[in-house]
file structure.csv (CSV, C-alpha atoms and all ligand atoms)
chain,number,residue,atom,x,y,z
A,1,MET,CA,-176.1,-109.3,134.1
A,2,GLU,CA,-176.5,-109.6,130.4
A,3,CYS,CA,-178.3,-112.4,128.7
A,4,LYS,CA,-175.8,-114.3,126.6
A,5,CYS,CA,-178.3,-115.1,124.0
A,6,CYS,CA,-180.2,-111.8,123.3
A,7,GLY,CA,-177.9,-109.3,125.1
A,8,GLU,CA,-180.7,-107.8,127.2
A,9,SER,CA,-179.9,-106.7,130.8
A,10,VAL,CA,-181.6,-109.1,133.2
A,11,GLU,CA,-182.1,-109.4,136.9
A,12,ASN,CA,-179.5,-111.6,138.6
A,13,ASP,CA,-181.9,-113.8,140.4
A,14,LEU,CA,-184.0,-115.0,137.4
A,15,ALA,CA,-183.7,-118.5,136.2
A,16,LYS,CA,-184.2,-117.5,132.6
A,17,CYS,CA,-184.1,-114.4,130.5
A,18,SER,CA,-187.4,-112.5,130.6
A,19,VAL,CA,-187.1,-111.5,127.0
A,20,CYS,CA,-185.9,-114.6,125.1
A,21,GLY,CA,-186.2,-117.3,127.7
A,22,PHE,CA,-182.5,-118.4,127.6
A,23,PRO,CA,-181.5,-120.2,130.9
A,24,LEU,CA,-179.3,-117.9,133.0
A,25,LEU,CA,-178.3,-120.4,135.7
A,26,GLY,CA,-175.6,-123.0,135.6
A,27,ASP,CA,-172.2,-123.0,133.9
A,28,LEU,CA,-172.5,-124.5,130.4
A,29,GLY,CA,-168.7,-124.5,129.8
A,30,ASP,CA,-167.5,-125.5,126.4
A,31,LYS,CA,-171.0,-126.3,125.3
A,32,LEU,CA,-172.2,-122.7,125.5
A,33,PRO,CA,-171.5,-121.7,121.9
A,34,GLN,CA,-173.4,-124.7,120.5
A,35,ILE,CA,-176.3,-124.3,123.0
A,36,LEU,CA,-176.5,-120.5,122.1
A,37,SER,CA,-176.5,-121.3,118.4
A,38,ASP,CA,-179.2,-124.0,118.8
A,39,TYR,CA,-181.4,-121.7,121.0
A,40,ARG,CA,-181.1,-118.8,118.6
A,41,ASN,CA,-182.0,-121.1,115.8
A,42,THR,CA,-185.1,-122.3,117.6
A,43,LEU,CA,-186.2,-118.7,118.2
A,44,LEU,CA,-185.5,-117.3,114.8
A,45,HIS,CA,-185.2,-120.0,112.2
A,46,ASP,CA,-188.5,-119.3,110.5
A,47,VAL,CA,-188.8,-115.6,111.3
A,48,SER,CA,-188.6,-113.1,108.6
A,49,LEU,CA,-189.3,-109.4,108.1
A,50,ALA,CA,-191.4,-107.8,105.4
A,51,VAL,CA,-192.0,-104.2,104.5
A,52,LYS,CA,-195.1,-102.8,102.8
A,53,LEU,CA,-194.0,-101.3,99.4
A,54,TYR,CA,-196.1,-98.9,97.4
A,55,TYR,CA,-196.2,-98.8,93.7
A,56,TYR,CA,-197.1,-95.6,91.9
A,57,GLY,CA,-197.9,-95.0,88.3
A,58,TYR,CA,-200.6,-93.8,85.9
A,59,ASP,CA,-204.1,-95.3,86.2
A,60,GLU,CA,-206.6,-95.9,83.4
A,61,ASP,CA,-207.6,-92.2,83.4
A,62,GLY,CA,-204.0,-91.0,83.1
A,63,GLU,CA,-203.9,-89.9,86.8
A,64,MET,CA,-200.7,-90.4,88.8
A,65,GLY,CA,-201.5,-92.4,91.9
A,66,GLU,CA,-200.9,-95.4,94.0
A,67,LEU,CA,-201.5,-98.5,91.9
A,68,LYS,CA,-201.0,-101.2,94.6
A,69,SER,CA,-199.2,-102.0,97.8
A,70,GLU,CA,-198.0,-105.2,99.2
A,71,TYR,CA,-195.7,-106.7,101.9
A,72,VAL,CA,-192.4,-107.8,100.5
A,73,LYS,CA,-190.0,-110.0,102.5
A,74,VAL,CA,-186.8,-108.1,103.1
A,75,ALA,CA,-184.7,-110.2,105.4
A,76,ASP,CA,-184.6,-113.6,107.2
A,77,ALA,CA,-184.0,-113.1,111.0
A,78,PRO,CA,-181.1,-115.5,111.3
A,79,ALA,CA,-179.1,-113.5,108.7
A,80,LEU,CA,-179.1,-110.4,111.0
A,81,THR,CA,-176.1,-109.8,113.2
A,82,HIS,CA,-175.7,-107.5,116.2
A,83,ASP,CA,-174.4,-104.0,115.9
A,84,ASN,CA,-174.2,-104.0,112.1
A,85,ILE,CA,-176.7,-102.4,109.8
A,86,PHE,CA,-177.8,-104.9,107.2
A,87,TRP,CA,-178.4,-102.7,104.1
A,88,LEU,CA,-181.0,-103.9,101.6
A,89,ASP,CA,-181.2,-103.2,97.9
A,90,THR,CA,-184.5,-101.5,98.5
A,91,VAL,CA,-184.3,-97.8,97.6
A,92,PHE,CA,-186.3,-95.6,99.9
A,93,GLU,CA,-187.9,-92.7,98.1
A,94,PRO,CA,-190.4,-90.7,100.2
A,95,SER,CA,-193.0,-89.1,98.0
A,96,GLY,CA,-193.0,-85.4,97.6
A,97,ILE,CA,-191.6,-83.1,100.3
A,98,LYS,CA,-192.9,-85.2,103.2
A,99,ARG,CA,-190.1,-85.6,105.7
A,100,THR,CA,-191.9,-87.8,108.2
A,101,VAL,CA,-192.5,-91.3,106.9
A,102,THR,CA,-194.3,-94.3,108.2
A,103,LEU,CA,-192.9,-97.8,107.5
A,104,ASP,CA,-195.4,-100.6,107.7
A,105,VAL,CA,-193.4,-103.6,108.9
A,106,ARG,CA,-194.4,-107.2,109.4
A,107,VAL,CA,-192.7,-109.8,111.5
A,108,GLN,CA,-193.7,-113.3,110.4
A,109,ASN,CA,-193.0,-116.9,110.9
A,110,ASP,CA,-194.6,-120.1,109.6
A,111,LYS,CA,-197.7,-119.8,111.7
A,112,THR,CA,-198.4,-116.1,112.4
A,113,SER,CA,-197.5,-112.5,111.8
A,114,ARG,CA,-197.5,-109.2,113.6
A,115,ASP,CA,-197.8,-105.8,111.9
A,116,SER,CA,-196.3,-102.6,113.2
A,117,ALA,CA,-196.1,-99.0,111.9
A,118,LEU,CA,-192.8,-97.3,112.5
A,119,SER,CA,-192.6,-93.6,111.9
A,120,ALA,CA,-189.4,-91.7,111.4
A,121,ASP,CA,-188.4,-88.0,110.8
A,122,LEU,CA,-186.1,-88.1,107.8
A,123,GLY,CA,-184.4,-84.9,108.8
A,124,LYS,CA,-181.2,-84.5,106.8
A,125,VAL,CA,-181.2,-88.0,105.3
A,126,PRO,CA,-180.2,-87.7,101.7
A,127,GLU,CA,-182.7,-88.5,98.9
A,128,GLY,CA,-182.4,-91.9,97.2
A,129,GLY,CA,-181.3,-93.6,100.5
A,130,ARG,CA,-181.7,-97.2,101.2
A,131,LEU,CA,-183.4,-99.3,103.8
A,132,GLY,CA,-181.4,-101.1,106.4
A,133,ILE,CA,-182.0,-103.2,109.4
A,134,CYS,CA,-180.2,-103.1,112.7
A,135,LEU,CA,-180.4,-105.9,115.2
A,136,CYS,CA,-180.4,-104.6,118.8
A,137,LYS,CA,-180.5,-106.1,122.3
A,138,GLY,CA,-183.4,-108.4,123.2
A,139,TYR,CA,-183.8,-109.5,119.6
A,140,ARG,CA,-185.4,-106.2,118.6
A,141,VAL,CA,-184.7,-104.5,115.3
A,142,ARG,CA,-184.7,-100.9,114.1
A,143,PHE,CA,-185.0,-99.9,110.5
A,144,ALA,CA,-182.3,-97.5,109.1
A,145,LEU,CA,-183.1,-95.0,106.4
A,146,GLY,CA,-180.2,-93.4,104.5
A,147,ASN,CA,-176.8,-94.7,103.6
A,148,LYS,CA,-173.6,-95.9,105.2
A,149,LYS,CA,-172.5,-92.3,106.0
A,150,GLN,CA,-175.7,-90.9,107.2
A,151,SER,CA,-178.8,-92.6,108.4
A,152,ILE,CA,-181.6,-92.4,110.9
A,153,LEU,CA,-183.1,-95.2,112.9
A,154,THR,CA,-186.7,-95.9,113.6
A,155,ASP,CA,-188.1,-97.2,116.9
A,156,SER,CA,-187.5,-100.8,117.6
A,157,ILE,CA,-189.8,-103.8,117.3
A,158,SER,CA,-189.3,-107.3,118.6
A,159,LEU,CA,-188.4,-110.2,116.3
A,160,LEU,CA,-189.8,-112.7,118.8
A,161,ILE,CA,-193.2,-114.0,118.0
A,162,LYS,CA,-194.9,-115.8,120.9
A,201,ZN,ZN,-182.3,-113.1,126.5
call {"tool": "encode", "arguments": {"input": "structure.csv", "output": "structure tokens"}}
result
Amino acid sequence: MECKCCGESVENDLAKCSVCGFPLLGDLGDKLPQILSDYRNTLLHDVSLAVKLYYYGYDEDGEMGELKSEYVKVADAPALTHDNIFWLDTVFEPSGIKRTVTLDVRVQNDKTSRDSALSADLGKVPEGGRLGICLCKGYRVRFALGNKKQSILTDSISLLIK
């Protein structure tokens, strides 16, 4: 069966989803939508995603280089919906001719954070593409690079912080 909350496939005989913990037993009837919404809110309400952005420019000696890098929040988890790519305003410009890129991504809530590095082969993704986020089963997300017509997806990371 499929978990009604996170969409992950789960064993029939479990009392709760092994990914998100949502109860699988019992018929919740008309209350299901409200319970789902409350549960999702408990899991995700303070979770957000940040991406490390790099700033390039000329230093004091007139050399072109990386001036600084910092994590910038790009999305709140509750705003993400299943099966749609949530496109950000962030333009994604890989430097030079490098076609394999690494995205440094941070999942954070009020108490803690978890960093991951996601690599992607840009292949035929057009230049000047944007960054997008796609919510998948099990409250995992993939980052999309490209545009609405053509994009590639990175590996997935979990939005759930335990
Ligand atoms: Zn679940």
call {"tool": "residues_around", "arguments": {"input": "structure.csv", "residues": "A:Pro23", "least_positions_apart": "5", "cutoff": "9 Å", "atoms": "only C-alpha atoms", "output": "PyMOL selection string"}}
result
chain A and resi 3+14-17
call {"tool": "closest_atom_pairs", "arguments": {"input": "structure.csv", "of": "chain A", "to": "ligand ZN 201 (chain A)", "cutoff": "9 Å", "atoms": "only C-alpha atoms and all ligand atoms", "output": "JSON lines"}}
result
{"residue": "A:Glu2", "atom": "CA", "partner": "A:ZN201", "partner_atom": "ZN", "distance": 7.8}
{"residue": "A:Cys3", "atom": "CA", "partner": "A:ZN201", "partner_atom": "ZN", "distance": 4.6}
{"residue": "A:Lys4", "atom": "CA", "partner": "A:ZN201", "partner_atom": "ZN", "distance": 6.6}
{"residue": "A:Cys5", "atom": "CA", "partner": "A:ZN201", "partner_atom": "ZN", "distance": 5.1}
{"residue": "A:Cys6", "atom": "CA", "partner": "A:ZN201", "partner_atom": "ZN", "distance": 4.0}
{"residue": "A:Gly7", "atom": "CA", "partner": "A:ZN201", "partner_atom": "ZN", "distance": 6.0}
{"residue": "A:Glu8", "atom": "CA", "partner": "A:ZN201", "partner_atom": "ZN", "distance": 5.6}
{"residue": "A:Ser9", "atom": "CA", "partner": "A:ZN201", "partner_atom": "ZN", "distance": 8.1}
{"residue": "A:Val10", "atom": "CA", "partner": "A:ZN201", "partner_atom": "ZN", "distance": 7.8}
{"residue": "A:Lys16", "atom": "CA", "partner": "A:ZN201", "partner_atom": "ZN", "distance": 7.8}
{"residue": "A:Cys17", "atom": "CA", "partner": "A:ZN201", "partner_atom": "ZN", "distance": 4.6}
{"residue": "A:Ser18", "atom": "CA", "partner": "A:ZN201", "partner_atom": "ZN", "distance": 6.6}
{"residue": "A:Val19", "atom": "CA", "partner": "A:ZN201", "partner_atom": "ZN", "distance": 5.1}
{"residue": "A:Cys20", "atom": "CA", "partner": "A:ZN201", "partner_atom": "ZN", "distance": 4.1}
{"residue": "A:Gly21", "atom": "CA", "partner": "A:ZN201", "partner_atom": "ZN", "distance": 5.9}
{"residue": "A:Phe22", "atom": "CA", "partner": "A:ZN201", "partner_atom": "ZN", "distance": 5.4}
{"residue": "A:Pro23", "atom": "CA", "partner": "A:ZN201", "partner_atom": "ZN", "distance": 8.4}
{"residue": "A:Leu24", "atom": "CA", "partner": "A:ZN201", "partner_atom": "ZN", "distance": 8.6}
{"residue": "A:Lys137", "atom": "CA", "partner": "A:ZN201", "partner_atom": "ZN", "distance": 8.4}
{"residue": "A:Gly138", "atom": "CA", "partner": "A:ZN201", "partner_atom": "ZN", "distance": 5.8}
{"residue": "A:Tyr139", "atom": "CA", "partner": "A:ZN201", "partner_atom": "ZN", "distance": 7.9}
call {"tool": "closest_residue", "arguments": {"input": "structure.csv", "among": "A:Asp76, A:Asp83, A:Asp155, A:Asp46", "to": "A:Lys111", "atoms": "all atoms listed in the file"}}
result
A:Asp46
call {"tool": "residues_around", "arguments": {"input": "structure.csv", "residues": "A:Ser37", "least_positions_apart": "3", "cutoff": "12 Å", "atoms": "all atoms listed in the file", "output": "list in words"}}
result
Lys4, Cys5, Cys6, Phe22, Lys31, Leu32, Pro33, Gln34, Arg40, Asn41, Thr42, Leu43, Leu44, His45 and Pro78 of chain A
call {"tool": "atom_distance", "arguments": {"input": "structure.csv", "atom1": "atom CA of A:Leu49", "atom2": "atom CA of A:Ala120"}}
result
18.0 Å
call {"tool": "closest_atom_pairs", "arguments": {"input": "structure.csv", "of": "stretch 19-117 of chain A", "to": "stretch 144-153 of chain A", "cutoff": "12 Å", "atoms": "all atoms listed in the file", "output": "Markdown table"}}
result
| residue | atom | partner | partner_atom | distance |
| --- | --- | --- | --- | --- |
| A:Asn84 | CA | A:Lys148 | CA | 10.7 |
| A:Ile85 | CA | A:Ala144 | CA | 7.5 |
| A:Phe86 | CA | A:Ala144 | CA | 8.9 |
| A:Trp87 | CA | A:Asn147 | CA | 8.2 |
| A:Leu88 | CA | A:Ala144 | CA | 9.9 |
| A:Asp89 | CA | A:Asn147 | CA | 11.1 |
| A:Thr90 | CA | A:Leu145 | CA | 10.3 |
| A:Val91 | CA | A:Gly146 | CA | 9.2 |
| A:Phe92 | CA | A:Leu145 | CA | 7.3 |
| A:Glu93 | CA | A:Leu145 | CA | 9.9 |
| A:Pro94 | CA | A:Leu145 | CA | 10.5 |
| A:Arg99 | CA | A:Leu145 | CA | 11.7 |
| A:Thr100 | CA | A:Leu145 | CA | 11.5 |
| A:Val101 | CA | A:Leu145 | CA | 10.1 |
| A:Thr102 | CA | A:Leu145 | CA | 11.4 |
| A:Leu103 | CA | A:Leu145 | CA | 10.3 |
